[in-house]
Amino acid sequence: MARRIRRFSADGVKDAERSLHPVVTEDDLLLTLSRFHREDCDDVVLLLHGLTSSSDLFTMPEIYNMVSYLLDNGFGDVWALDFRMSNRLPYNTNLRRYSLDDIALFDYPAAMAELRRHIGDRRVHVFAHCLGALSFSMSLFGGAIEDDLASLVVNSVSLTPRVPGWSKVKMAVGPAFADYILGSPVIDPRFSQAPKPTARWLLSKVISAFHPECKESACHMQSFMWASGRPGFFMHENLAPETHVHDRLADLNGASDVHYYRHIRRMVRAGKAVRFDPKDPKLKALPTDFLARAAEITTPILFTTGDHNRIFTDSNVVCHALLSKIVPGRHELEVLPGYGHIDPILGKNAHEDVYPRILAHFQKHAHDRKAA
């Protein structure tokens, strides 16, 4: 029987000093930076999760996780940000509606300022996943943060989000369904634990009926929330037994407000990242076209995606091709055989199949910008 992993476990990283650093955004949200410090070094790494997950994605004790891998391979100062999409924070499940614009304009500038306060002018490399990758790309290309990064890796999606046809249907009807039928803007992988026979419990049973590939309701719900496939979130064979259990899946990727669907839908229809509300005065610092300054962005980007990505399909392939026409040779692409959307991070063999490619990109650009 697979061992039970405690939620928000801090046991996944050994031989490193862990410290927590509060970050307050301009729109008055409290975020958290976690620092994993083994030794001082000229190259610092910042890790960014996606929607419904958290910094725990990078410190999982049941696998050789990304933080430990980086610490063991010469990057002795690793940071992970829990921004407003984190399931460690309350913002995914409150009634205030946020868009990716809010994250791009408010979360990352505040986080980078706090990071720089501690590390000074040392080189910074960033790994970002899912909507963390999309929103961080918006922040970088939109000018909200400085183009002073040593390198960037974006997994699954960046500035040209593309989704399967079934996902387009869900994005069109999902927010109204959640608001007016479920009576809640939040969808939770734990709906099977809701009281019987509430709409939430019934929804989980209906969804599971269409997912015979495994017995884990949380796995079915996560595929329903974001993907098209059986399963859609990851490839089953890539997960450790301790990961593919109901509570663990829901701990790693929790509940979320589906208002983000509305913003992603606008981007998919536009074929590129766009502002959710171009008329919102508080967001006027962001451009309406995030690709307008693409030729000016000097940060070298590695685009990664699984060849079984059933959430954002070939989004990163398309984005890499587009940017390669604008700035030939600046950016790179890695398509990961046998991987889906999130298993490049939480897969049991990711330290052999995926992390070395990320590490190589960081190492390649470790001397491109002057360190303090």
# chains A, B, ... in the order shown; residues from 1 in each chain; ligands from 1
>>> residues_around(residues="range 183-195 of chain A", least_positions_apart="6", cutoff="12 Å", atoms="only C-alpha atoms", output="VMD selection string")
chain A and resid 52 to 53 87 90 to 97 174 to 177 201 to 208 215 to 226 245 to 261
>>> residues_around(residues="range 279-284 of chain A", least_positions_apart="4", cutoff="9 Å", atoms="only C-alpha atoms", output="PyMOL selection string")
chain A and resi 101-102+105+275+288
>>> write_last_selection(atoms="N, CA and C atoms", output="tab-separated table (two decimals), in the first residue's frame")
chain	number	residue	atom	x	y	z
A	101	ASP	N	-4.01	38.90	-15.80
A	101	ASP	CA	-3.46	40.25	-15.79
A	101	ASP	C	-3.04	40.67	-14.40
A	102	ASP	N	-3.87	40.36	-13.40
A	102	ASP	CA	-3.56	40.72	-12.01
A	102	ASP	C	-2.25	40.06	-11.57
A	105	LEU	N	0.81	41.71	-13.46
A	105	LEU	CA	1.10	43.09	-13.09
A	105	LEU	C	1.46	43.26	-11.62
A	275	ARG	N	-5.15	41.01	-22.85
A	275	ARG	CA	-5.73	41.46	-21.59
A	275	ARG	C	-7.16	40.97	-21.48
A	288	THR	N	-1.79	45.77	-24.65
A	288	THR	CA	-2.88	44.96	-25.21
A	288	THR	C	-2.32	43.85	-26.10
>>> residues_around(residues="Asp43 in chain A", least_positions_apart="6", cutoff="7 Å", atoms="only C-alpha atoms", output="VMD selection string")
chain A and resid 75 122 to 124 366
>>> atom_distance(atom1="CA of Glu352 in chain A", atom2="CA of Pro164 in chain A")
28.9 Å
>>> closest_residue(among="A:Arg200, A:Met60, A:Ile119, A:Lys168", to="Leu182 in chain A", atoms="only C-alpha atoms")
A:Arg200
>>> atom_distance(atom1="CA of Met235 in chain A", atom2="CA of Asn349 in chain A")
12.0 Å
>>> select_by_dssp(residues="range 98-316 of chain A", states="strand (DSSP E)", output="count of residues only")
22
>>> residues_around(residues="Leu47 in chain A", least_positions_apart="6", cutoff="12 Å", atoms="only C-alpha atoms", output="PyMOL selection string")
chain A and resi 33-36+54-59+66-67+70+77-83+108+111-112+115+124-130+132-133+136+152-155+345+358
>>> residues_around(residues="Val268 in chain A", least_positions_apart="5", cutoff="9 Å", atoms="only C-alpha atoms", output="number ranges by chain")
A: 160-163, 168, 263, 273
>>> write_last_selection(atoms="C-alpha atoms", output="compact mmCIF listing (two decimals), in the first residue's frame")
# COMPACT_ATOMS: atom_id res chain seq x y z
CA THR A 160 0.01 31.37 -27.58
CA PRO A 161 -2.39 29.15 -25.59
CA ARG A 162 -4.12 26.42 -27.61
CA VAL A 163 -6.53 23.83 -26.20
CA LYS A 168 -13.15 25.05 -25.67
CA HIS A 263 -9.54 34.83 -19.67
CA ALA A 273 -2.13 36.37 -24.86
>>> atom_distance(atom1="CA of His361 in chain A", atom2="CA of Ser151 in chain A")
7.5 Å
>>> closest_residue(among="A:Leu29, A:Arg269, A:Glu213, A:Gly229", to="Ala172 in chain A", atoms="only C-alpha atoms")
A:Arg269
